[in-house]
$ cat protein.txt   # compact mmCIF, C-alpha atoms
# COMPACT_ATOMS: atom_id res chain seq x y z
CA MET A 291 -3.46 23.10 -25.83
CA THR A 292 -4.45 25.27 -28.76
CA ASP A 293 -3.14 28.51 -27.33
CA LYS A 294 -0.13 28.95 -25.11
CA PRO A 295 -0.56 32.34 -23.50
CA LEU A 296 2.15 31.70 -20.93
CA LYS A 297 5.16 29.43 -20.91
CA ALA A 298 4.55 27.32 -17.87
CA ASN A 299 7.94 27.98 -16.30
CA GLU A 300 7.85 31.76 -16.44
CA ARG A 301 7.86 32.07 -12.70
CA PRO A 302 11.10 30.86 -11.13
CA PRO A 303 10.65 27.79 -8.93
CA ALA A 304 11.71 29.47 -5.71
CA GLY A 305 13.08 26.98 -3.22
CA ALA A 306 11.84 24.06 -5.28
CA GLU A 307 15.14 22.24 -4.97
CA GLU A 308 14.30 21.46 -1.40
CA ALA A 309 11.51 19.17 -2.58
CA ALA A 310 13.51 16.13 -1.61
CA GLY A 311 12.97 15.07 1.96
CA PRO A 312 10.00 13.02 3.02
CA ALA A 313 8.23 16.20 4.05
CA ALA A 314 9.84 18.88 1.97
CA ARG A 315 8.68 22.46 2.01
CA ASP A 316 6.68 23.66 -0.95
CA ALA A 317 8.02 25.49 -3.97
CA ALA A 318 5.51 28.29 -3.52
CA GLY A 319 7.11 28.80 -0.13
CA PRO A 320 4.61 29.47 2.61
CA GLY A 321 5.73 32.66 4.23
CA GLN A 322 7.69 33.79 1.17
CA ALA A 323 5.54 34.05 -1.93
CA CYS A 324 2.32 34.21 0.05
CA PRO A 325 3.07 35.67 3.46
CA ALA A 326 0.60 35.69 6.28
CA PRO A 327 -1.08 39.05 6.93
CA SER A 328 1.43 41.51 8.31
CA PRO A 329 0.94 42.96 11.81
CA GLN A 330 0.06 46.28 10.20
CA GLU A 331 -2.94 44.72 8.47
CA ARG A 332 -4.28 43.01 11.55
CA GLY A 333 -5.09 44.48 14.92
CA VAL A 334 -3.92 42.81 18.13
CA TRP A 335 -7.30 41.28 18.86
CA ARG A 336 -7.57 39.87 15.34
CA LYS A 337 -4.07 38.46 15.64
CA ILE A 338 -4.97 36.66 18.85
CA MET A 339 -8.13 35.33 17.25
CA ASP A 340 -6.19 34.17 14.19
CA ARG A 341 -3.73 32.26 16.33
CA PHE A 342 -6.54 30.71 18.33
CA ALA A 343 -8.43 29.73 15.17
CA ASP A 344 -5.27 28.22 13.66
CA HIS A 345 -4.68 26.26 16.84
CA CYS A 346 -8.20 24.82 16.78
CA ARG A 347 -8.18 24.25 13.03
CA ALA A 348 -5.01 22.16 13.16
CA ARG A 349 -6.70 19.64 15.41
CA SER A 350 -9.59 18.69 13.15
CA LEU A 351 -8.84 18.17 9.48
CA PHE A 352 -10.84 16.43 6.79
CA VAL A 353 -9.00 14.91 3.84
CA LEU A 354 -11.00 14.94 0.64
CA HIS A 355 -11.64 11.36 -0.36
CA TYR A 356 -10.45 11.88 -3.91
CA CYS A 357 -7.57 9.84 -5.18
CA THR A 358 -5.64 10.16 -8.40
CA GLY A 359 -3.10 7.72 -9.76
CA CYS A 360 -1.80 4.78 -7.80
CA GLY A 361 -0.92 6.39 -4.47
CA ALA A 362 -4.38 5.84 -3.01
CA ILE A 363 -3.30 2.35 -2.00
CA GLU A 364 -1.14 3.84 0.76
CA LEU A 365 -4.08 5.65 2.34
CA PRO A 366 -6.10 2.75 3.78
CA PRO A 367 -3.26 1.78 6.15
CA THR A 368 -2.68 5.45 6.94
CA ILE A 369 -6.29 6.07 7.86
CA THR A 370 -7.22 2.72 9.39
CA SER A 371 -6.02 0.88 12.45
CA ARG A 372 -2.35 0.32 11.61
CA PHE A 373 -1.34 4.00 11.58
CA ASP A 374 -4.74 5.51 12.38
CA MET A 375 -4.57 9.20 11.51
CA GLU A 376 -7.81 9.79 13.34
CA ARG A 377 -5.69 9.85 16.50
CA VAL A 378 -4.52 13.31 15.44
CA GLY A 379 -7.89 14.41 14.10
CA ILE A 380 -7.53 13.57 10.40
CA THR A 381 -10.27 11.61 8.69
CA PRO A 382 -11.60 11.20 5.13
CA MET A 383 -14.44 13.38 3.91
CA VAL A 384 -16.60 12.66 0.92
CA THR A 385 -17.27 16.11 -0.48
CA PRO A 386 -14.94 18.98 -1.30
CA ARG A 387 -17.28 21.46 0.35
CA GLN A 388 -16.51 20.02 3.78
CA ALA A 389 -12.87 19.12 3.19
CA ASP A 390 -9.74 20.90 4.37
CA ILE A 391 -6.97 18.88 2.75
CA LEU A 392 -6.66 17.88 -0.88
CA LEU A 393 -4.20 15.00 -1.03
CA ILE A 394 -3.05 14.45 -4.61
CA THR A 395 -2.04 10.81 -4.56
CA GLY A 396 0.08 10.34 -7.62
CA TYR A 397 0.22 11.28 -11.28
CA LEU A 398 -2.21 13.72 -12.82
CA SER A 399 -3.27 13.38 -16.39
CA ILE A 400 -4.52 16.53 -18.06
CA LYS A 401 -8.08 15.28 -17.73
CA THR A 402 -7.65 14.51 -14.03
CA LEU A 403 -6.10 17.91 -13.40
CA LYS A 404 -9.31 19.55 -14.61
CA ARG A 405 -11.30 17.62 -12.00
CA VAL A 406 -8.71 18.40 -9.33
CA ILE A 407 -8.97 22.12 -10.03
CA LEU A 408 -12.78 21.96 -9.98
CA SER A 409 -12.65 20.15 -6.62
CA TYR A 410 -10.01 22.48 -5.21
CA GLU A 411 -11.99 25.59 -6.05
CA GLN A 412 -15.08 24.18 -4.35
CA MET A 413 -13.24 23.70 -1.06
CA PRO A 414 -13.75 26.48 1.45
CA ALA A 415 -10.67 28.40 2.54
CA PRO A 416 -8.42 27.81 4.37
CA LYS A 417 -7.53 24.73 2.35
CA TYR A 418 -4.32 22.78 2.09
CA VAL A 419 -2.86 20.80 -0.81
CA LEU A 420 -0.38 17.98 -0.32
CA GLY A 421 1.49 16.57 -3.32
CA PHE A 422 2.05 12.87 -2.78
CA GLY A 423 4.78 11.03 -4.65
CA SER A 424 7.41 11.94 -7.20
CA CYS A 425 4.81 12.43 -9.92
CA THR A 426 3.47 15.62 -8.39
CA ILE A 427 6.97 17.08 -8.04
CA ASN A 428 8.50 16.44 -11.43
CA GLY A 429 6.40 13.92 -13.30
CA GLY A 430 8.13 10.95 -11.71
CA MET A 431 8.24 7.95 -14.00
CA TYR A 432 5.95 9.83 -16.40
CA TRP A 433 8.60 12.51 -16.99
CA ASN A 434 8.35 12.21 -20.79
CA SER A 435 4.64 11.47 -21.07
CA TYR A 436 2.53 13.67 -23.34
CA ALA A 437 -0.59 13.36 -21.18
CA THR A 438 0.73 13.73 -17.64
CA VAL A 439 1.21 17.00 -15.80
CA LYS A 440 4.74 17.36 -14.42
CA ARG A 441 4.45 19.96 -11.66
CA LEU A 442 1.36 20.23 -9.53
CA ASP A 443 2.38 23.57 -8.01
CA GLN A 444 2.12 25.27 -11.41
CA TYR A 445 -1.65 24.75 -11.42
CA ILE A 446 -2.73 24.88 -7.80
CA PRO A 447 -0.64 26.13 -4.86
CA THR A 448 0.80 23.24 -2.90
CA ASP A 449 1.66 23.32 0.79
CA LEU A 450 3.90 20.28 1.12
CA PHE A 451 5.29 17.53 -1.05
CA ILE A 452 6.10 13.94 -0.17
CA ALA A 453 8.90 12.56 -2.32
CA GLY A 454 9.11 8.89 -3.19
CA CYS A 455 7.51 6.31 -5.41
CA MET A 456 5.56 5.23 -3.43
CA PRO A 457 5.91 7.04 -0.14
CA ARG A 458 5.15 4.69 2.73
CA PRO A 459 2.33 5.45 5.21
CA GLU A 460 5.02 6.63 7.63
CA ALA A 461 5.91 9.39 5.17
CA VAL A 462 2.25 10.34 4.75
CA GLN A 463 1.95 10.43 8.51
CA GLN A 464 5.02 12.60 8.78
CA VAL A 465 3.77 15.12 6.22
CA LEU A 466 0.35 15.29 7.88
CA LEU A 467 1.99 15.97 11.25
CA GLN A 468 4.15 18.60 9.57
CA LEU A 469 1.01 20.17 8.12
CA ILE A 470 -0.63 20.26 11.54
CA GLU A 471 2.45 22.02 12.90
CA ASP A 472 2.44 24.49 10.00
CA ILE A 473 -1.25 25.30 10.44
CA ASP A 474 -0.82 25.69 14.18
CA SER A 475 2.02 28.15 13.71
CA GLY A 476 0.24 30.02 10.88
CA ARG A 477 2.68 29.01 8.14
CA ALA A 478 0.39 26.94 5.89
CA ASN A 479 -0.71 29.81 3.70
CA ALA A 480 -0.38 28.41 0.20
CA TRP A 481 -4.12 28.80 -0.41
CA ARG A 482 -3.73 32.59 -0.21
CA ASP A 483 -1.35 32.38 -3.15
CA TYR A 484 -4.15 31.08 -5.39
CA TYR A 485 -6.07 34.31 -4.80
CA ARG A 486 -3.05 36.62 -4.85
CA ASN A 487 -1.56 35.14 -8.03
CA TYR A 488 -4.68 33.79 -9.68
CA ASP A 489 -3.60 35.10 -13.06
CA PHE A 490 -0.43 32.97 -12.96
CA TYR A 491 -2.29 29.76 -12.10
CA LEU A 492 -5.09 30.49 -14.55
CA GLY A 493 -2.53 31.15 -17.29
CA ASN A 494 -0.94 27.76 -16.75
CA GLN A 495 -4.35 26.11 -16.73
CA GLN A 496 -5.30 27.86 -19.97
CA ALA A 497 -2.03 26.74 -21.57
CA LEU A 498 -3.21 23.15 -21.10
CA PHE A 499 -6.97 23.38 -21.45
CA GLY A 500 -7.22 26.13 -24.05
CA PRO A 501 -8.23 29.79 -23.77
CA LYS A 502 -11.88 28.93 -23.18
CA TRP A 503 -11.13 27.28 -19.83
CA ASN A 504 -13.41 28.52 -17.07
CA THR A 505 -14.72 27.10 -13.82
CA PRO A 506 -18.05 27.52 -12.05
CA THR A 507 -16.31 29.12 -9.05
CA ASP A 508 -15.90 32.88 -9.05
CA VAL A 509 -12.31 32.93 -7.81
CA ILE A 510 -11.82 36.66 -8.30
CA GLY A 511 -14.98 37.38 -6.33
CA GLU A 512 -13.71 35.16 -3.52
CA ALA A 513 -10.32 36.87 -3.60
CA GLU A 514 -12.02 40.23 -3.15
CA HIS A 515 -14.19 38.80 -0.40
CA TYR A 516 -11.17 37.54 1.53
CA GLY A 517 -9.34 40.80 0.92
CA LEU A 518 -6.61 38.94 -0.93
CA ALA A 519 -7.08 40.46 -4.38
CA GLY A 520 -3.86 42.10 -5.51
CA GLU A 521 -1.83 42.84 -8.59
CA GLY A 522 -1.32 39.18 -9.39
CA THR A 523 -5.03 38.42 -9.19
CA TYR A 524 -5.87 40.27 -12.39
CA GLY A 525 -4.07 40.02 -15.69
CA PRO A 526 -4.28 39.01 -19.32
CA HIS A 527 -5.53 35.53 -18.48
CA THR A 528 -8.36 36.59 -16.22
CA LYS A 529 -9.55 38.89 -19.03
CA LEU A 530 -10.12 35.77 -21.13
CA LEU A 531 -12.52 34.45 -18.50
CA ALA A 532 -15.16 36.99 -19.45
CA GLU A 533 -14.82 36.01 -23.10
CA SER A 534 -14.88 32.25 -22.48
CA GLY A 535 -18.67 32.25 -22.48
CA GLY A 536 -19.44 29.72 -19.77
CA THR A 537 -18.30 27.00 -17.44
CA PRO A 538 -16.63 23.85 -18.81
CA MET A 539 -19.86 21.90 -18.59
CA GLU A 540 -21.79 24.53 -20.52
CA LEU A 541 -19.05 24.72 -23.13
CA ALA A 542 -18.92 20.96 -23.53
CA ARG A 543 -22.65 20.92 -24.10
CA ALA A 544 -22.38 23.69 -26.66
CA GLU A 545 -19.55 21.95 -28.50
CA ARG A 546 -21.41 18.69 -28.78
CA PRO A 547 -25.14 19.41 -28.93
CA ALA A 548 -26.02 15.84 -29.78
CA ARG A 549 -23.94 12.72 -29.84
CA ALA A 550 -22.88 12.45 -33.45
CA ILE A 551 -22.98 8.93 -34.80
CA THR A 552 -21.21 8.67 -38.11
CA GLY A 553 -21.23 5.80 -40.51
CA ARG A 554 -23.66 2.99 -40.86
CA ARG A 555 -25.76 1.71 -38.01
CA LYS A 556 -26.31 -1.87 -37.03
CA PRO A 557 -28.53 -3.48 -39.68
CA MET B 2 0.19 -29.86 -31.54
CA THR B 3 -1.82 -28.79 -34.58
CA ILE B 4 -4.68 -26.43 -35.38
CA PRO B 5 -8.04 -28.13 -34.58
CA ALA B 6 -9.57 -29.72 -37.67
CA PRO B 7 -12.77 -27.61 -37.89
CA LEU B 8 -10.74 -24.40 -37.67
CA ASP B 9 -8.23 -25.66 -40.23
CA GLU B 10 -11.08 -26.37 -42.60
CA VAL B 11 -12.53 -22.86 -42.29
CA LEU B 12 -9.13 -21.23 -42.65
CA GLY B 13 -8.54 -23.27 -45.83
CA GLU B 14 -11.48 -21.58 -47.53
CA LEU B 15 -9.73 -18.22 -47.72
CA PRO B 16 -6.39 -17.35 -49.33
CA LEU B 17 -4.60 -16.49 -46.09
CA VAL B 18 -0.93 -15.75 -45.71
CA ALA B 19 -0.21 -18.05 -42.79
CA ALA B 20 -1.84 -19.71 -39.81
CA ARG B 21 -0.04 -21.41 -36.94
CA LEU B 22 -0.60 -22.53 -33.39
CA THR B 23 1.46 -20.44 -30.96
CA ALA B 24 0.22 -22.11 -27.76
CA PRO B 25 -2.27 -24.92 -27.00
CA ARG B 26 -5.20 -22.50 -27.21
CA ARG B 27 -3.83 -19.69 -29.32
CA VAL B 28 -3.78 -19.41 -33.08
CA ARG B 29 -2.07 -16.70 -35.04
CA VAL B 30 -3.47 -15.97 -38.49
CA ASP B 31 -1.85 -13.58 -40.95
CA ALA B 32 -4.55 -12.39 -43.32
CA ARG B 33 -4.69 -10.08 -46.29
CA PRO B 34 -6.58 -6.84 -45.64
CA GLU B 35 -9.25 -7.69 -48.22
CA ASN B 36 -9.99 -11.05 -46.57
CA LEU B 37 -10.20 -10.10 -42.91
CA PRO B 38 -13.92 -9.16 -42.64
CA ALA B 39 -14.82 -12.38 -44.50
CA LEU B 40 -12.57 -14.39 -42.19
CA LEU B 41 -14.13 -12.93 -39.03
CA GLU B 42 -17.61 -13.54 -40.42
CA LEU B 43 -16.83 -17.16 -41.25
CA LEU B 44 -15.33 -17.74 -37.82
CA LYS B 45 -18.31 -16.16 -36.12
CA GLY B 46 -20.89 -18.02 -38.16
CA ARG B 47 -19.37 -21.50 -38.16
CA LEU B 48 -17.14 -21.86 -35.13
CA GLY B 49 -18.67 -19.56 -32.50
CA PHE B 50 -16.01 -16.83 -32.44
CA PHE B 51 -18.50 -14.38 -30.95
CA HIS B 52 -16.27 -12.53 -28.55
CA LEU B 53 -14.03 -9.79 -29.94
CA SER B 54 -11.81 -9.15 -26.94
CA ALA B 55 -9.59 -6.45 -28.46
CA ILE B 56 -8.27 -4.79 -31.57
CA SER B 57 -4.69 -3.69 -31.21
CA CYS B 58 -2.55 -1.60 -33.50
CA VAL B 59 1.21 -1.57 -34.09
CA ASP B 60 3.00 1.18 -35.96
CA TRP B 61 5.76 -0.19 -38.20
CA LEU B 62 7.44 3.05 -39.12
CA GLU B 63 10.30 1.70 -41.26
CA GLU B 64 7.99 -0.53 -43.27
CA GLY B 65 5.37 2.20 -43.66
CA GLN B 66 2.61 -0.03 -42.31
CA PHE B 67 0.09 -0.30 -39.51
CA GLU B 68 -0.52 -3.77 -38.18
CA LEU B 69 -4.03 -4.38 -36.86
CA VAL B 70 -4.59 -7.41 -34.66
CA TYR B 71 -8.11 -8.70 -34.07
CA HIS B 72 -8.42 -11.01 -31.08
CA VAL B 73 -11.49 -13.24 -31.14
CA TRP B 74 -12.41 -15.99 -28.71
CA SER B 75 -14.49 -19.05 -29.50
CA ASP B 76 -16.64 -20.59 -26.79
CA LYS B 77 -17.08 -23.65 -28.94
CA LEU B 78 -13.40 -24.42 -29.53
CA LYS B 79 -12.14 -22.70 -26.34
CA LEU B 80 -9.52 -20.96 -28.41
CA LEU B 81 -8.21 -17.42 -28.92
CA LEU B 82 -7.50 -16.47 -32.51
CA SER B 83 -5.41 -13.41 -33.36
CA ALA B 84 -5.89 -12.23 -36.92
CA HIS B 85 -3.09 -9.93 -38.12
CA VAL B 86 -3.43 -7.61 -41.08
CA ARG B 87 -1.00 -5.02 -42.39
CA ILE B 88 -2.36 -1.87 -43.99
CA PRO B 89 -0.36 0.95 -45.61
CA ARG B 90 0.56 3.70 -43.15
CA GLU B 91 -0.48 6.33 -45.66
CA PRO B 92 -3.39 7.04 -45.93
CA GLY B 93 -4.09 4.61 -43.06
CA GLU B 94 -7.62 3.63 -43.95
CA TYR B 95 -9.39 0.39 -43.27
CA VAL B 96 -12.89 -0.99 -43.10
CA SER B 97 -14.82 -1.12 -39.83
CA ILE B 98 -16.13 -4.40 -38.48
CA TYR B 99 -18.72 -2.73 -36.28
CA ASP B 100 -21.60 -4.44 -38.07
CA LEU B 101 -20.02 -7.82 -37.25
CA HIS B 102 -18.75 -7.23 -33.72
CA GLU B 103 -20.32 -4.38 -31.77
CA PRO B 104 -17.41 -3.88 -29.34
CA ALA B 105 -15.32 -2.86 -32.35
CA GLY B 106 -16.94 0.58 -32.09
CA PHE B 107 -14.99 1.19 -28.90
CA PHE B 108 -11.66 -0.18 -30.14
CA GLU B 109 -11.80 1.55 -33.50
CA ARG B 110 -12.48 4.90 -31.92
CA ASP B 111 -9.52 4.35 -29.60
CA ILE B 112 -7.18 3.34 -32.46
CA HIS B 113 -8.35 6.30 -34.51
CA GLU B 114 -7.46 8.64 -31.67
CA MET B 115 -4.11 7.09 -30.81
CA PHE B 116 -2.85 6.17 -34.31
CA GLY B 117 -4.99 8.19 -36.71
CA VAL B 118 -6.30 5.13 -38.58
CA VAL B 119 -9.63 5.94 -40.26
CA PHE B 120 -12.17 3.13 -40.18
CA ASP B 121 -14.80 3.31 -42.89
CA GLY B 122 -18.23 2.77 -41.37
CA ALA B 123 -17.11 3.02 -37.75
CA LEU B 124 -19.64 3.81 -35.04
CA SER B 125 -17.95 7.06 -34.09
CA LEU B 126 -14.55 8.61 -34.66
CA ASP B 127 -15.00 11.50 -32.22
CA ARG B 128 -12.39 12.40 -29.66
CA PHE B 129 -12.51 9.83 -26.94
CA ILE B 130 -10.00 9.89 -24.09
CA LEU B 131 -7.78 12.83 -25.06
CA THR B 132 -10.53 15.43 -24.83
CA SER B 133 -8.31 18.53 -25.03
CA TRP B 134 -5.89 17.11 -27.56
CA ASP B 135 -5.39 18.64 -30.97
CA GLY B 136 -1.86 17.47 -31.76
CA PRO B 137 -0.86 14.50 -33.91
CA PRO B 138 -1.99 11.02 -32.81
CA PRO B 139 0.35 10.41 -29.87
CA MET B 140 0.97 6.68 -30.23
CA ARG B 141 2.50 7.00 -33.68
CA LYS B 142 6.20 6.23 -33.69
CA ASP B 143 7.06 9.53 -35.36
CA PHE B 144 5.47 11.52 -32.53
CA ASP B 145 8.25 12.77 -30.24
CA ALA B 146 6.64 12.53 -26.80
CA ARG B 147 9.74 13.75 -25.00
CA LYS B 148 10.01 16.89 -27.13
CA TYR B 149 6.29 17.55 -26.71
CA ALA B 150 6.53 17.14 -22.93
CA GLU B 151 9.50 19.49 -22.75
CA GLU B 152 7.66 22.14 -24.76
CA THR B 153 4.36 21.83 -22.88
CA PHE B 154 5.36 21.24 -19.26
CA SER B 155 7.98 22.77 -17.02
CA THR B 156 10.13 20.76 -14.65
CA VAL B 157 12.05 21.48 -11.48
CA ASN B 158 15.80 21.38 -11.67
CA TYR B 159 16.75 19.16 -8.80
CA HIS B 160 20.39 19.17 -7.78
CA PRO B 161 20.90 19.03 -4.02
CA ASP B 162 24.21 19.22 -2.20
CA TRP B 163 24.33 15.58 -1.19
CA LEU B 164 24.13 14.62 -4.86
CA LYS B 165 27.10 16.84 -5.68
CA ASP B 166 29.18 14.89 -3.17
CA ILE B 167 28.21 11.63 -4.85
CA GLU B 168 28.99 13.04 -8.27
CA ALA B 169 32.41 14.17 -7.09
CA ALA B 170 33.07 10.54 -6.17
CA GLY B 171 32.13 9.39 -9.70
CA GLY B 172 28.45 8.45 -9.24
CA GLY B 173 25.25 10.38 -9.81
CA LEU B 174 21.99 10.49 -11.71
CA GLU B 175 23.31 11.59 -15.12
CA GLU B 176 23.15 9.11 -17.96
$ encode --input "protein.txt" --output "C-alpha cells"
Amino acid sequence: MTDKPLKANERPPAGAEEAAGPAARDAAGPGQACPAPSPQERGVWRKIMDRFADHCRARSLFVLHYCTGCGAIELPPTITSRFDMERVGITPMVTPRQADILLITGYLSIKTLKRVILSYEQMPAPKYVLGFGSCTINGGMYWNSYATVKRLDQYIPTDLFIAGCMPRPEAVQQVLLQLIEDIDSGRANAWRDYYRNYDFYLGNQQALFGPKWNTPTDVIGEAEHYGLAGEGTYGPHTKLLAESGGTPMELARAERPARAITGRRKP
Amino acid sequence: MTIPAPLDEVLGELPLVAARLTAPRRVRVDARPENLPALLELLKGRLGFFHLSAISCVDWLEEGQFELVYHVWSDKLKLLLSAHVRIPREPGEYVSIYDLHEPAGFFERDIHEMFGVVFDGALSLDRFILTSWDGPPPMRKDFDARKYAEETFSTVNYHPDWLKDIEAAGGGLEE
C-alpha cells in the first residue's frame, strides 16, 4: 500500500452490472475482453481438436480445496450426497497443480488475496475462477472495510459470479453447470485475460501489496509459451518485477532476518 | 450478592477507584494506571488469578483516553475479574505485563497494531496481522475506514433495470 502505481478502477467494468443473477456473467466478459482464438489464428484441424478438448475437459473438473471466508460451509452439501456434484464430474482436489477451478468462497482480506494469487498462478491453464457470494462482487457486507478486497476481478480474471449472501448449494450447482456449458462451447476464456492483460492485474496487485510484489511463477514466460503475450502483457508494472529482487518469500526473509524480540525477557 | 471476602480483602489493599460485582461470577474493577500491575500481581499470587484470557482496548475519542481492560480468571474463586484502566490517548504509552502473564505478549502486540498503544517492555511490537499495512492504526476512532476503502478499492456501480422500476414506485436501495 506504499505506492499506488494504478488507480484500481482505471479499466471500465465492462458488463459488470449484469453481476446480479445467481449465475451472472463475468465483468471481464468471456468472448469480449479475452476472445477465443480467431479462425484466422487456428487451422481447421486445430479448431476441431480444440472443440473436442473443450468437450472432454468440461466433463471432468477438479475444484481446488481452498476456501476463504465463510462460504465454505455451503460446499459440503454441494459436494456430498445431498446435491452430489460428482454426478457431473466435479470433485475437490487438494493441490492447485492438479486443479481446474478456483472457487473463491467469500470475502478476501488483503493477506488472503496474496495466497489466492499464489495458488491461482500455480494452476495449469486452462483454469477457471468462480466468485462466490456478494463479497467477491462488491465487498458485500465488508463494503467499507479497510482490510477486505472489494472486487475479485480486479486482481485475477473471474469467469462467473454467484450473487447472494450466502448463495445456497442450488446456486453453486447452477453456476457449476453454467461453467460446464461455457467450457463445452469454448466461452470460458477468462484465464487468457490474465496473460493478455497481465500488466493491468499486476498493477492492481502492486497497488495493494507494494511495488516489490512478485510471485514465484513466471507469468510472462507462460504467456509467451501459450502464445498469448500481447500489448497488455508488458507495461510499467511488469518492469517493476525485475527490480523487485525476489519472490515474496525471499523478500520476507530479507526483511526480517531474525525474529526481533524487543524489551525485557522473562526473568 | 457481594464480592467474595478474600477478593474484597485483596482489593482493599490498593487505592482503587471502584470495584463491583456485575454478575454472580464477574467482578469489574476500575484501577488507576499506576496500580494495575500491582493489582494483577496480588491477584495472581494470593487468589490464583493465573489465566489472562484477554486484554481489550477501547478508544474514547472525546475524552482523549484509551481504556485497557485486563480479563483474568481465578481457578480458586471460579471468578472472572475485569480490571479497567484509562490512559491518556496521547502519547498512548503504558507498561507491559508480559513478565507477569505470558499471553500478554500476544494481546499487547495486537493492541499496538490496531490502536497504536506502546507497551514498555512488551515481548514484541512488530507488525502482526496487517503485514502490508503502513497507514494509521485502523481501530482508532479517528481513522476513517470508509474513506480509506473508497480511495484504495474500486467498486462496481450496480443499477439494474428492475431496480429502476422499484425506485419509480418509491422504494429502492438508497439511504
$ interface_residues --input "protein.txt" --of "chain B" --to "chain A" --cutoff "6 Å" --atoms "all atoms listed in the file" --output "list in words"
Asp100, Gly122, Ala123, Leu124, Ser125, Ala146, Arg147, Ala150, Ser155, Thr156 and Tyr159 of chain B
$ residues_around --input "protein.txt" --residues "Ser97 (chain B)" --least-positions-apart "6" --cutoff "9 Å" --atoms "all atoms listed in the file" --output "count of residues only"
10
$ closest_residue --input "protein.txt" --among "B:Lys79, B:Pro25, B:Glu114, B:Met2" --to "Ser133 (chain B)" --atoms "only C-alpha atoms"
B:Glu114
$ closest_residue --input "protein.txt" --among "A:Gly423, A:Pro414, A:Gly361, A:Pro366" --to "Pro386 (chain A)" --atoms "all atoms listed in the file"
A:Pro414
$ atom_distance --input "protein.txt" --atom1 "CA of Ala348 (chain A)" --atom2 "CA of Ala480 (chain A)"
15.1 Å
$ residues_around --input "protein.txt" --residues "Thr523 (chain A)" --least-positions-apart "5" --cutoff "6 Å" --atoms "all atoms listed in the file" --output "list in words"
Arg486, Asn487, Tyr488 and Asp489 of chain A
$ atom_distance --input "protein.txt" --atom1 "CA of Leu392 (chain A)" --atom2 "CA of Tyr418 (chain A)"
6.2 Å
$ atom_distance --input "protein.txt" --atom1 "CA of Gly172 (chain B)" --atom2 "CA of Gly421 (chain A)"
28.8 Å
$ residues_around --input "protein.txt" --residues "Gly522 (chain A)" --least-positions-apart "2" --cutoff "12 Å" --atoms "only C-alpha atoms" --output "list in words"
Ala323, Cys324, Arg482, Asp483, Tyr484, Tyr485, Arg486, Asn487, Tyr488, Asp489, Phe490, Tyr491, Leu492, Gly493, Ile510, Ala513, Leu518, Ala519, Gly520, Tyr524, Gly525, Pro526, His527 and Thr528 of chain A
$ write_last_selection --input "protein.txt" --atoms "C-alpha atoms" --output "PDB file, in the coordinates of the input"
ATOM      1  CA  ALA A 323       5.540  34.050  -1.930  1.00  0.00           C
ATOM      2  CA  CYS A 324       2.320  34.210   0.050  1.00  0.00           C
ATOM      3  CA  ARG A 482      -3.730  32.590  -0.210  1.00  0.00           C
ATOM      4  CA  ASP A 483      -1.350  32.380  -3.150  1.00  0.00           C
ATOM      5  CA  TYR A 484      -4.150  31.080  -5.390  1.00  0.00           C
ATOM      6  CA  TYR A 485      -6.070  34.310  -4.800  1.00  0.00           C
ATOM      7  CA  ARG A 486      -3.050  36.620  -4.850  1.00  0.00           C
ATOM      8  CA  ASN A 487      -1.560  35.140  -8.030  1.00  0.00           C
ATOM      9  CA  TYR A 488      -4.680  33.790  -9.680  1.00  0.00           C
ATOM     10  CA  ASP A 489      -3.600  35.100 -13.060  1.00  0.00           C
ATOM     11  CA  PHE A 490      -0.430  32.970 -12.960  1.00  0.00           C
ATOM     12  CA  TYR A 491      -2.290  29.760 -12.100  1.00  0.00           C
ATOM     13  CA  LEU A 492      -5.090  30.490 -14.550  1.00  0.00           C
ATOM     14  CA  GLY A 493      -2.530  31.150 -17.290  1.00  0.00           C
ATOM     15  CA  ILE A 510     -11.820  36.660  -8.300  1.00  0.00           C
ATOM     16  CA  ALA A 513     -10.320  36.870  -3.600  1.00  0.00           C
ATOM     17  CA  LEU A 518      -6.610  38.940  -0.930  1.00  0.00           C
ATOM     18  CA  ALA A 519      -7.080  40.460  -4.380  1.00  0.00           C
ATOM     19  CA  GLY A 520      -3.860  42.100  -5.510  1.00  0.00           C
ATOM     20  CA  TYR A 524      -5.870  40.270 -12.390  1.00  0.00           C
ATOM     21  CA  GLY A 525      -4.070  40.020 -15.690  1.00  0.00           C
ATOM     22  CA  PRO A 526      -4.280  39.010 -19.320  1.00  0.00           C
ATOM     23  CA  HIS A 527      -5.530  35.530 -18.480  1.00  0.00           C
ATOM     24  CA  THR A 528      -8.360  36.590 -16.220  1.00  0.00           C
TER      25      THR A 528
END
$ decode --input "protein.txt" --residues "region 390-410 of chain A" --atoms "C-alpha atoms" --output "tab-separated table (two decimals), in the first residue's frame"
chain	number	residue	atom	x	y	z
A	390	ASP	CA	-9.10	-26.67	-12.75
A	391	ILE	CA	-11.49	-24.47	-10.78
A	392	LEU	CA	-10.63	-21.94	-8.11
A	393	LEU	CA	-13.80	-21.28	-6.15
A	394	ILE	CA	-13.42	-18.14	-4.05
A	395	THR	CA	-15.90	-18.75	-1.26
A	396	GLY	CA	-16.44	-15.38	0.31
A	397	TYR	CA	-14.55	-12.30	1.41
A	398	LEU	CA	-10.87	-11.84	0.69
A	399	SER	CA	-8.68	-9.95	3.06
A	400	ILE	CA	-5.54	-8.46	1.57
A	401	LYS	CA	-3.49	-11.22	3.15
A	402	THR	CA	-5.77	-13.94	1.76
A	403	LEU	CA	-5.67	-12.39	-1.69
A	404	LYS	CA	-1.91	-12.89	-1.77
A	405	ARG	CA	-2.37	-16.61	-1.14
A	406	VAL	CA	-5.17	-16.78	-3.71
A	407	ILE	CA	-2.95	-15.23	-6.36
A	408	LEU	CA	-0.09	-17.58	-5.50
A	409	SER	CA	-2.47	-20.56	-5.78
A	410	TYR	CA	-4.05	-19.27	-8.98
